[in-house]
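Everything on this sheet refers to the single structure shown next.
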Amino acid sequence: MAIPGSGQVSLNDIATEFGGDAPHALSEYHGKHNAPASGEIQIAADFYGADNSPPSPQTFTGAGTTNITIAANVRAIGVQLVGAGGGGAGAGGMFVFSSGGGGAGGNVIAYFNVSGGETFSAIRGSGGPGVGMFTGGPNAGKPGQAGSASSAKVQSTTIATGNGGGGGFTQQSGSSAGGSGGGTSVDGNTYNVTRNTGSAGGAGQGAGGFVGGPGAASPVSGGGGGGNNAPGGAGSNGSGGGGAASNMGIKSGGNGGAGYVKVTFYTSANPPADISF
C-alpha cells in the first residue's frame, strides 16, 4: 500500500512499504523513491506518495518473442510457461477413417532472482500444423507436426523451457495414436520448480469409426476437438490440435496452439511460491 502523499509519515510507514531489517534506520532507505543515495534523508519530502508495489503480472500468447525491462524495484520473478501444442493428424477415408490428436506442450513454473533493469524475454513457440494427406498416395492421412518450444530468458540465461507437443499419428488400420506431450528443462539457479510433461493427444476411433482423437489440453487451455467425419479443431495456448475423421475424401487435423508465458514480479528475493497451474 502506497505511503500517503500528505500528512505525517513515519519510519514505520517507510519500513512497511520497502521492507528492511528491524530495528529500522533511515540509512536503510538510501536510494529508495526520492531519497538520495547518501547523505540526509527527509522523510516527508523523499517519501510522500512512495509506492513499492511490484508491477502487475504479464501474460504473453501467440507465437513470437517479447522483451521487457524489469522494473527497478523487482528482485525476483515467477515464470509459468507452456510449449506449443502438436497438430492433429489428417484422415483420408477408405484407408484412414480417423486420426489422433496432437500432444500438449511441456509446462513448467520456476522462480529466479533478478535485478532491476535486466531484460526479460518471453519466447512462445509456434503450434504444430495439422495436415491433410501424404503426397505419395491417395486417401492416406498424414501425421500432424510437432509444436516448437517456449522459453523464458533473463539477459542471456534461459531459465526455463517447455518443449512442444508431438503431432498426432495415423495408420492404415486399427486406432490412430495421439501425439506425445512435450518435456521441460530449467536452469540450475531456478527454485520452487514445478514441471510436468504435457499430456498426450487422444486416439481416433479406429477402423470403421469416424471420430478423430481430441487434442491434449494444456494447463491453461482446452485441446482442439476431434473431427466427427470432419477436420480436427484447433488448439490454443499450448494445447494440441484435434485429429480429423473421414469416410470419404481428405480432411485435415487441427493446428496446435502456440506457446504461453506468464511472468509475475516480486520486490523481495526468494519469494514463496504463489502461482500455480
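Convention: chains lettered A, B, ... in C-alpha cells order; per-chain residue numbering from 1; ligands numbered from 1 as shown.
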Residues within 10 Å of A:Asn107, please, as a CSV table (one decimal) with C-alpha atoms, in the first residue's frame. Count only C-alpha atoms; anything in the same chain fewer than 3 positions from it doesn't count.
chain,number,residue,atom,x,y,z
A,80,GLN,CA,4.8,-20.1,-15.9
A,81,LEU,CA,5.2,-21.3,-19.4
A,82,VAL,CA,3.9,-24.0,-21.8
A,83,GLY,CA,5.4,-25.2,-25.0
A,84,ALA,CA,3.4,-25.1,-28.2
A,104,ALA,CA,0.3,-30.6,-25.4
A,150,SER,CA,8.6,-22.0,-25.4
A,160,ALA,CA,13.0,-22.4,-18.2
A,161,THR,CA,11.9,-24.3,-21.4
A,162,GLY,CA,8.8,-26.2,-22.2
A,163,ASN,CA,9.2,-28.4,-25.3
A,164,GLY,CA,6.4,-28.6,-27.9
A,181,GLY,CA,3.4,-34.4,-24.7
A,182,GLY,CA,6.5,-32.2,-24.5
A,183,GLY,CA,9.0,-32.3,-21.7
A,184,THR,CA,10.7,-29.4,-19.8
A,185,SER,CA,14.0,-28.1,-18.5
A,194,THR,CA,7.1,-27.4,-10.7
A,195,ARG,CA,7.4,-29.1,-14.1
A,196,ASN,CA,5.3,-31.6,-16.0
A,197,THR,CA,5.4,-33.4,-19.3
A,198,GLY,CA,2.5,-32.3,-21.5
A,199,SER,CA,-0.5,-34.6,-21.8
A,218,SER,CA,-2.6,-27.7,-21.6
A,219,PRO,CA,-2.8,-26.3,-18.0
A,220,VAL,CA,-4.2,-23.1,-19.5
A,238,GLY,CA,-0.1,-24.9,-25.7
A,259,GLY,CA,3.0,-21.3,-26.6
A,260,TYR,CA,2.2,-19.4,-23.5
A,261,VAL,CA,4.4,-17.4,-21.0
A,277,PHE,CA,-1.4,-24.1,-12.9
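The environment of stretch 17-28 of chain A within 10 Å, counting only C-alpha atoms and disregarding residues fewer than 4 places along the same chain, consists of A:Met1, A:Ala2, A:Ile3, A:Leu11, A:Asn12, A:Asp13, A:Lys32, A:His33, A:Ala35, A:Ala37, A:Ser38, A:Gly39, A:Glu40, A:Ile41, A:Gln42, A:Ile43, A:Ala50, A:Asp51, A:Asn52, A:Ser53, A:Asn73, A:Thr267, A:Ser268.
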Write out as a VMD selection string which residues come within 6 Å of A:Phe169 when counting only C-alpha atoms, dropping same-chain ones fewer than 2 positions away. chain A and resid 89 100 143 176 to 178
Save out the residues we just selected, C-alpha atoms, as a PDB file, in the first residue's frame.
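Contents of result-v9.pdb, freshly written:
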ATOM      1  CA  ALA A  89      -3.313 -35.873 -37.950  1.00  0.00           C
ATOM      2  CA  GLY A 100      -5.007 -38.967 -33.424  1.00  0.00           C
ATOM      3  CA  PRO A 143       0.673 -37.253 -39.153  1.00  0.00           C
ATOM      4  CA  SER A 176      -4.592 -43.954 -34.569  1.00  0.00           C
ATOM      5  CA  ALA A 177      -2.477 -42.740 -31.662  1.00  0.00           C
ATOM      6  CA  GLY A 178      -2.337 -39.229 -30.244  1.00  0.00           C
TER       7      GLY A 178
END
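Going from atom CA of A:Val263 over to atom CA of A:Ala146, you cover 25.1 Å.
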With distances taken over only C-alpha atoms, which of A:Gly116, A:Gly223, A:Val96, A:Tyr29 is nearest to A:Gly209? A:Val96
Let me make sure I understand: among A:Ser156, A:Ser239, A:Ser126, A:Ser115, which one has the smallest atom-to-atom distance to A:Gly62 if we use only C-alpha atoms? A:Ser126
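We find atom CA of A:Phe60 and atom CA of A:Ile159 to be spaced 16.4 Å apart.
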Please list as a VMD selection string every residue within 10 Å of A:Ile77, counting only C-alpha atoms and excluding residues in the same chain fewer than 5 positions away. chain A and resid 57 70 110 to 115 120 154 190 263 to 271
